[in-house]
Amino acid sequence: EVQLVESGGGLVQPGGSLRLSCTASGFTFSNYWMHWVRQAAGKGLVWVSLISPDGSTTRHADSVKGRFTISRDNAKNTLYLQMNSLRIEDTALYYCLRDTGDWSFDYWGQGSLVTVSS
Amino acid sequence: QSALTQPRSVSGSPGQSVTISCTGTSNDVGGYNFVSWYQRHPGKAPKLMIYDVSKRPSGVPDRFSGSKSGNTASLTISGLQAEDEADYFCCSYAGSFINSVFGPGTTVTVL
């Protein structure tokens, strides 16, 4: 059974850092593009970052560029999102997603809540 | 505010058909055949229902169908069943820099 389990969320002050993890199981993690998306309370989903199967290609939304870094450890079947210089507007539920290869997402994690507040 | 526009809710009786629209621009929905639809029940992870505008993943009933015309994509549920009551949101590829954009979701109510 395919599973994506996020962890690492929590409460952090503006300007602080957090690292989210997404542990994958039930499939060959190293074969898939992976993404992070987020959803603030009462708002729609917003794409955040993507990474290629071997980690050589990454992309980030303009809103997080220079502050967030997506990475992966295929030996540990784990996807990461390093979030620095956090802002109040980064407060959201963060999901990791598996890309089908057709710009759609066939598996989603349950989400990890990040709250940025003083 | 979401990049794509969907109606807030639609409803229908069991056995009827409902259609949910998803309107974007020529930079996303209209520019690529990479529209996908997701079903989300409360407290559960979203489930992929349609990809590449009109393709169904294995295991998705054929009462779910997708289409696109111009900048608007649509999801139709035919023969509505009680278990179809859920939120449905759309997603479109929007180019290599923005990547993906999402709709806000539509609540489907089975009367």
# chains A, B, ... in the order shown; residues from 1 in each chain; ligands from 1
call {"tool": "interface_residues", "arguments": {"of": "chain A", "to": "chain B", "cutoff": "7 Å", "atoms": "only C-alpha atoms", "output": "list in words"}}
result
Lys43, Gly44, Leu45, Val46, Trp47, Ala61, Asp102, Trp103, Ser104, Phe105, Asp106, Trp108, Gly109 and Gln110 of chain A
call {"tool": "select_by_dssp", "arguments": {"residues": "range 23-100 of chain B", "states": "strand (DSSP E)", "output": "ChimeraX atom specification"}}
result
/B:23,35-40,47-50,64-69,72-77,86-93,100
call {"tool": "residues_around", "arguments": {"residues": "Ile20 in chain B", "least_positions_apart": "6", "cutoff": "10 Å", "atoms": "only C-alpha atoms", "output": "PyMOL selection string"}}
result
chain B and resi 6-10+66+73-77+88-90+105-108
call {"tool": "residues_around", "arguments": {"residues": "range 48-53 of chain A", "least_positions_apart": "3", "cutoff": "8 Å", "atoms": "only C-alpha atoms", "output": "PyMOL selection string"}}
result
chain A and resi 29-38+56-61+64+70-72
call {"tool": "write_last_selection", "arguments": {"atoms": "N, CA, C and O atoms", "output": "CSV table (one decimal), in the first residue's frame"}}
result
chain,number,residue,atom,x,y,z
A,29,PHE,N,10.3,4.8,-4.5
A,29,PHE,CA,10.3,6.2,-4.3
A,29,PHE,C,11.2,6.9,-5.3
A,29,PHE,O,10.9,8.0,-5.9
A,30,SER,N,12.4,6.3,-5.6
A,30,SER,CA,13.4,6.9,-6.5
A,30,SER,C,12.9,7.0,-8.0
A,30,SER,O,13.6,7.6,-8.8
A,31,ASN,N,11.8,6.5,-8.3
A,31,ASN,CA,11.3,6.5,-9.7
A,31,ASN,C,10.3,7.7,-9.9
A,31,ASN,O,9.9,7.9,-11.1
A,32,TYR,N,10.0,8.5,-8.9
A,32,TYR,CA,8.9,9.4,-9.0
A,32,TYR,C,9.3,10.9,-8.8
A,32,TYR,O,10.1,11.1,-7.8
A,33,TRP,N,8.8,11.8,-9.6
A,33,TRP,CA,8.8,13.2,-9.2
A,33,TRP,C,7.9,13.4,-8.0
A,33,TRP,O,6.9,12.7,-7.9
A,34,MET,N,8.3,14.3,-7.1
A,34,MET,CA,7.5,14.6,-5.9
A,34,MET,C,7.3,16.1,-5.8
A,34,MET,O,8.1,16.9,-6.3
A,35,HIS,N,6.2,16.4,-5.1
A,35,HIS,CA,5.9,17.8,-4.9
A,35,HIS,C,5.5,18.1,-3.5
A,35,HIS,O,5.1,17.2,-2.7
A,36,TRP,N,5.6,19.4,-3.1
A,36,TRP,CA,5.0,19.9,-1.9
A,36,TRP,C,3.9,21.0,-2.4
A,36,TRP,O,4.2,21.8,-3.3
A,37,VAL,N,2.7,20.9,-1.8
A,37,VAL,CA,1.7,21.9,-2.0
A,37,VAL,C,1.3,22.3,-0.6
A,37,VAL,O,1.5,21.6,0.4
A,38,ARG,N,0.6,23.5,-0.5
A,38,ARG,CA,0.1,23.9,0.9
A,38,ARG,C,-1.2,24.5,0.7
A,38,ARG,O,-1.7,25.0,-0.3
A,56,SER,N,18.1,16.0,-9.2
A,56,SER,CA,18.9,17.0,-9.9
A,56,SER,C,18.1,18.2,-10.4
A,56,SER,O,18.7,19.2,-10.7
A,57,THR,N,16.8,18.1,-10.5
A,57,THR,CA,16.0,19.2,-10.9
A,57,THR,C,15.0,19.6,-9.8
A,57,THR,O,14.3,18.7,-9.2
A,58,THR,N,15.0,20.8,-9.4
A,58,THR,CA,14.0,21.4,-8.4
A,58,THR,C,13.4,22.6,-9.0
A,58,THR,O,14.0,23.4,-9.8
A,59,ARG,N,12.2,22.9,-8.5
A,59,ARG,CA,11.6,24.2,-8.8
A,59,ARG,C,10.8,24.6,-7.6
A,59,ARG,O,10.3,23.8,-6.8
A,60,HIS,N,10.7,25.9,-7.4
A,60,HIS,CA,10.0,26.5,-6.3
A,60,HIS,C,9.1,27.6,-6.8
A,60,HIS,O,9.4,28.3,-7.7
A,61,ALA,N,8.0,27.8,-6.1
A,61,ALA,CA,7.1,28.9,-6.4
A,61,ALA,C,7.8,30.2,-6.1
A,61,ALA,O,8.6,30.2,-5.2
A,64,VAL,N,8.2,31.4,-2.4
A,64,VAL,CA,9.1,30.7,-1.5
A,64,VAL,C,10.5,30.7,-2.0
A,64,VAL,O,11.4,30.2,-1.3
A,70,ILE,N,13.6,22.2,-1.5
A,70,ILE,CA,13.2,20.8,-1.6
A,70,ILE,C,14.3,19.9,-1.8
A,70,ILE,O,15.3,20.3,-2.6
A,71,SER,N,14.3,18.8,-1.2
A,71,SER,CA,15.4,17.8,-1.4
A,71,SER,C,14.8,16.4,-1.1
A,71,SER,O,13.7,16.3,-0.7
A,72,ARG,N,15.6,15.4,-1.4
A,72,ARG,CA,15.2,14.0,-1.2
A,72,ARG,C,16.4,13.1,-0.9
A,72,ARG,O,17.5,13.4,-1.3
call {"tool": "atom_distance", "arguments": {"atom1": "CA of Asn84 in chain A", "atom2": "CA of Cys22 in chain A"}}
result
17.5 Å
call {"tool": "atom_distance", "arguments": {"atom1": "CA of Asp87 in chain B", "atom2": "CA of Ile88 in chain A"}}
result
27.5 Å
call {"tool": "atom_distance", "arguments": {"atom1": "CA of Thr115 in chain A", "atom2": "CA of Val12 in chain A"}}
result
6.3 Å
call {"tool": "residues_around", "arguments": {"residues": "Val110 in chain B", "least_positions_apart": "3", "cutoff": "10 Å", "atoms": "only C-alpha atoms", "output": "list in words"}}
result
Val10, Ser11, Gly12, Ser13, Pro14, Gly15, Gln16, Val18, Leu80, Gln81, Ala82, Glu83, Asp84, Glu85, Ala86 and Thr107 of chain B
call {"tool": "write_last_selection", "arguments": {"atoms": "N, CA, C and O atoms", "output": "PDB file, in the first residue's frame"}}
result
ATOM      1  N   VAL B  10     -22.746  22.089  -6.004  1.00  0.00           N
ATOM      2  CA  VAL B  10     -23.740  21.557  -6.934  1.00  0.00           C
ATOM      3  C   VAL B  10     -24.450  20.428  -6.210  1.00  0.00           C
ATOM      4  O   VAL B  10     -23.909  19.846  -5.265  1.00  0.00           O
ATOM      5  N   SER B  11     -25.661  20.116  -6.668  1.00  0.00           N
ATOM      6  CA  SER B  11     -26.401  19.033  -6.023  1.00  0.00           C
ATOM      7  C   SER B  11     -27.232  18.297  -7.052  1.00  0.00           C
ATOM      8  O   SER B  11     -27.549  18.824  -8.130  1.00  0.00           O
ATOM      9  N   GLY B  12     -27.586  17.074  -6.691  1.00  0.00           N
ATOM     10  CA  GLY B  12     -28.427  16.278  -7.558  1.00  0.00           C
ATOM     11  C   GLY B  12     -28.997  15.098  -6.807  1.00  0.00           C
ATOM     12  O   GLY B  12     -28.477  14.713  -5.747  1.00  0.00           O
ATOM     13  N   SER B  13     -30.036  14.549  -7.349  1.00  0.00           N
ATOM     14  CA  SER B  13     -30.666  13.372  -6.746  1.00  0.00           C
ATOM     15  C   SER B  13     -29.934  12.120  -7.206  1.00  0.00           C
ATOM     16  O   SER B  13     -29.258  12.132  -8.243  1.00  0.00           O
ATOM     17  N   PRO B  14     -30.061  11.040  -6.436  1.00  0.00           N
ATOM     18  CA  PRO B  14     -29.444   9.778  -6.869  1.00  0.00           C
ATOM     19  C   PRO B  14     -29.880   9.410  -8.280  1.00  0.00           C
ATOM     20  O   PRO B  14     -31.064   9.523  -8.629  1.00  0.00           O
ATOM     21  N   GLY B  15     -28.909   9.015  -9.090  1.00  0.00           N
ATOM     22  CA  GLY B  15     -29.206   8.636 -10.465  1.00  0.00           C
ATOM     23  C   GLY B  15     -29.090   9.758 -11.465  1.00  0.00           C
ATOM     24  O   GLY B  15     -28.950   9.510 -12.670  1.00  0.00           O
ATOM     25  N   GLN B  16     -29.134  10.991 -10.973  1.00  0.00           N
ATOM     26  CA  GLN B  16     -29.004  12.136 -11.875  1.00  0.00           C
ATOM     27  C   GLN B  16     -27.532  12.381 -12.215  1.00  0.00           C
ATOM     28  O   GLN B  16     -26.638  11.741 -11.653  1.00  0.00           O
ATOM     29  N   VAL B  18     -24.467  15.405 -12.559  1.00  0.00           N
ATOM     30  CA  VAL B  18     -24.045  16.757 -12.203  1.00  0.00           C
ATOM     31  C   VAL B  18     -22.746  17.049 -12.934  1.00  0.00           C
ATOM     32  O   VAL B  18     -21.946  16.131 -13.187  1.00  0.00           O
ATOM     33  N   LEU B  80     -25.523   9.603 -10.253  1.00  0.00           N
ATOM     34  CA  LEU B  80     -25.036  10.029  -8.936  1.00  0.00           C
ATOM     35  C   LEU B  80     -25.392   9.024  -7.841  1.00  0.00           C
ATOM     36  O   LEU B  80     -26.527   8.492  -7.787  1.00  0.00           O
ATOM     37  N   GLN B  81     -24.417   8.729  -6.984  1.00  0.00           N
ATOM     38  CA  GLN B  81     -24.636   7.810  -5.870  1.00  0.00           C
ATOM     39  C   GLN B  81     -24.309   8.515  -4.558  1.00  0.00           C
ATOM     40  O   GLN B  81     -23.552   9.486  -4.533  1.00  0.00           O
ATOM     41  N   ALA B  82     -24.828   7.989  -3.488  1.00  0.00           N
ATOM     42  CA  ALA B  82     -24.653   8.612  -2.175  1.00  0.00           C
ATOM     43  C   ALA B  82     -23.177   8.780  -1.830  1.00  0.00           C
ATOM     44  O   ALA B  82     -22.778   9.799  -1.247  1.00  0.00           O
ATOM     45  N   GLU B  83     -22.362   7.806  -2.208  1.00  0.00           N
ATOM     46  CA  GLU B  83     -20.940   7.879  -1.844  1.00  0.00           C
ATOM     47  C   GLU B  83     -20.176   8.923  -2.658  1.00  0.00           C
ATOM     48  O   GLU B  83     -19.005   9.207  -2.375  1.00  0.00           O
ATOM     49  N   ASP B  84     -20.850   9.524  -3.660  1.00  0.00           N
ATOM     50  CA  ASP B  84     -20.194  10.575  -4.445  1.00  0.00           C
ATOM     51  C   ASP B  84     -20.234  11.921  -3.726  1.00  0.00           C
ATOM     52  O   ASP B  84     -19.610  12.881  -4.179  1.00  0.00           O
ATOM     53  N   GLU B  85     -20.976  11.989  -2.644  1.00  0.00           N
ATOM     54  CA  GLU B  85     -21.052  13.240  -1.892  1.00  0.00           C
ATOM     55  C   GLU B  85     -19.682  13.540  -1.291  1.00  0.00           C
ATOM     56  O   GLU B  85     -19.171  12.777  -0.453  1.00  0.00           O
ATOM     57  N   ALA B  86     -19.078  14.632  -1.740  1.00  0.00           N
ATOM     58  CA  ALA B  86     -17.704  14.968  -1.361  1.00  0.00           C
ATOM     59  C   ALA B  86     -17.358  16.322  -1.974  1.00  0.00           C
ATOM     60  O   ALA B  86     -18.176  16.922  -2.676  1.00  0.00           O
ATOM     61  N   THR B 107     -18.455  21.503  -3.581  1.00  0.00           N
ATOM     62  CA  THR B 107     -19.129  20.501  -2.755  1.00  0.00           C
ATOM     63  C   THR B 107     -20.285  19.891  -3.524  1.00  0.00           C
ATOM     64  O   THR B 107     -21.182  20.610  -3.984  1.00  0.00           O
TER      65      THR B 107
END
call {"tool": "closest_residue", "arguments": {"among": "A:Ser63, A:Ser21, A:Ser7, A:Ser118", "to": "Asp90 in chain A", "atoms": "only C-alpha atoms"}}
result
A:Ser63
call {"tool": "residues_around", "arguments": {"residues": "Glu89 in chain A", "least_positions_apart": "2", "cutoff": "12 Å", "atoms": "only C-alpha atoms", "output": "list in words"}}
result
Gln13, Pro14, Gly15, Arg38, Gln39, Ala40, Ala41, Lys43, Ser63, Val64, Ser85, Leu86, Arg87, Thr91, Ala92, Leu93, Val114, Thr115, Val116 and Ser117 of chain A
call {"tool": "decode", "arguments": {"residues": "range 59-85 of chain A", "atoms": "N, CA, C and O atoms", "output": "tab-separated table (two decimals), in the first residue's frame"}}
result
chain	number	residue	atom	x	y	z
A	59	ARG	N	12.24	22.92	-8.53
A	59	ARG	CA	11.55	24.17	-8.85
A	59	ARG	C	10.81	24.63	-7.60
A	59	ARG	O	10.30	23.80	-6.84
A	60	HIS	N	10.73	25.94	-7.43
A	60	HIS	CA	9.99	26.49	-6.30
A	60	HIS	C	9.10	27.62	-6.78
A	60	HIS	O	9.43	28.35	-7.72
A	61	ALA	N	7.97	27.76	-6.12
A	61	ALA	CA	7.09	28.89	-6.42
A	61	ALA	C	7.81	30.19	-6.06
A	61	ALA	O	8.64	30.23	-5.16
A	62	ASP	N	7.47	31.25	-6.78
A	62	ASP	CA	8.12	32.54	-6.54
A	62	ASP	C	7.97	32.98	-5.08
A	62	ASP	O	8.86	33.61	-4.52
A	63	SER	N	6.85	32.64	-4.47
A	63	SER	CA	6.57	33.10	-3.10
A	63	SER	C	7.52	32.49	-2.07
A	63	SER	O	7.63	33.01	-0.96
A	64	VAL	N	8.19	31.39	-2.43
A	64	VAL	CA	9.09	30.74	-1.47
A	64	VAL	C	10.53	30.66	-1.98
A	64	VAL	O	11.42	30.21	-1.25
A	65	LYS	N	10.75	31.11	-3.20
A	65	LYS	CA	12.07	31.01	-3.81
A	65	LYS	C	13.10	31.75	-2.96
A	65	LYS	O	12.86	32.89	-2.53
A	66	GLY	N	14.23	31.09	-2.73
A	66	GLY	CA	15.28	31.70	-1.90
A	66	GLY	C	15.11	31.44	-0.42
A	66	GLY	O	16.02	31.71	0.36
A	67	ARG	N	13.95	30.97	-0.02
A	67	ARG	CA	13.69	30.68	1.40
A	67	ARG	C	13.48	29.20	1.66
A	67	ARG	O	13.85	28.68	2.71
A	68	PHE	N	12.81	28.51	0.73
A	68	PHE	CA	12.51	27.08	0.88
A	68	PHE	C	13.41	26.28	-0.06
A	68	PHE	O	13.71	26.72	-1.18
A	69	THR	N	13.77	25.08	0.38
A	69	THR	CA	14.56	24.17	-0.46
A	69	THR	C	13.98	22.77	-0.36
A	69	THR	O	13.86	22.22	0.74
A	70	ILE	N	13.64	22.22	-1.51
A	70	ILE	CA	13.16	20.84	-1.56
A	70	ILE	C	14.35	19.92	-1.83
A	70	ILE	O	15.28	20.27	-2.58
A	71	SER	N	14.34	18.76	-1.19
A	71	SER	CA	15.41	17.78	-1.42
A	71	SER	C	14.84	16.39	-1.13
A	71	SER	O	13.70	16.25	-0.67
A	72	ARG	N	15.64	15.39	-1.41
A	72	ARG	CA	15.20	14.01	-1.16
A	72	ARG	C	16.39	13.14	-0.85
A	72	ARG	O	17.51	13.41	-1.29
A	73	ASP	N	16.12	12.07	-0.11
A	73	ASP	CA	17.10	11.03	0.16
A	73	ASP	C	16.48	9.72	-0.29
A	73	ASP	O	15.64	9.16	0.43
A	74	ASN	N	16.84	9.28	-1.47
A	74	ASN	CA	16.21	8.07	-2.02
A	74	ASN	C	16.58	6.82	-1.22
A	74	ASN	O	15.82	5.85	-1.22
A	75	ALA	N	17.70	6.83	-0.56
A	75	ALA	CA	18.08	5.68	0.27
A	75	ALA	C	17.17	5.55	1.48
A	75	ALA	O	16.96	4.46	2.01
A	76	LYS	N	16.64	6.68	1.92
A	76	LYS	CA	15.74	6.70	3.09
A	76	LYS	C	14.28	6.85	2.68
A	76	LYS	O	13.41	6.98	3.55
A	77	ASN	N	14.01	6.88	1.37
A	77	ASN	CA	12.63	7.05	0.89
A	77	ASN	C	11.96	8.28	1.52
A	77	ASN	O	10.80	8.22	1.93
A	78	THR	N	12.70	9.35	1.58
A	78	THR	CA	12.19	10.53	2.27
A	78	THR	C	12.38	11.79	1.45
A	78	THR	O	13.43	12.01	0.85
A	79	LEU	N	11.33	12.59	1.44
A	79	LEU	CA	11.30	13.90	0.79
A	79	LEU	C	11.37	14.94	1.89
A	79	LEU	O	10.80	14.76	2.96
A	80	TYR	N	12.07	16.04	1.61
A	80	TYR	CA	12.22	17.10	2.60
A	80	TYR	C	11.79	18.46	2.03
A	80	TYR	O	11.82	18.68	0.82
A	81	LEU	N	11.42	19.34	2.94
A	81	LEU	CA	11.24	20.75	2.60
A	81	LEU	C	11.86	21.56	3.72
A	81	LEU	O	11.32	21.61	4.83
A	82	GLN	N	13.00	22.16	3.43
A	82	GLN	CA	13.65	23.04	4.38
A	82	GLN	C	13.08	24.44	4.22
A	82	GLN	O	13.14	25.00	3.12
A	83	MET	N	12.51	24.97	5.28
A	83	MET	CA	11.85	26.26	5.22
A	83	MET	C	12.58	27.24	6.14
A	83	MET	O	12.60	27.05	7.36
A	84	ASN	N	13.16	28.25	5.55
A	84	ASN	CA	13.88	29.28	6.31
A	84	ASN	C	13.17	30.62	6.16
A	84	ASN	O	12.34	30.80	5.28
A	85	SER	N	13.55	31.56	7.01
A	85	SER	CA	12.98	32.91	6.96
A	85	SER	C	11.46	32.87	6.86
A	85	SER	O	10.85	33.54	6.01
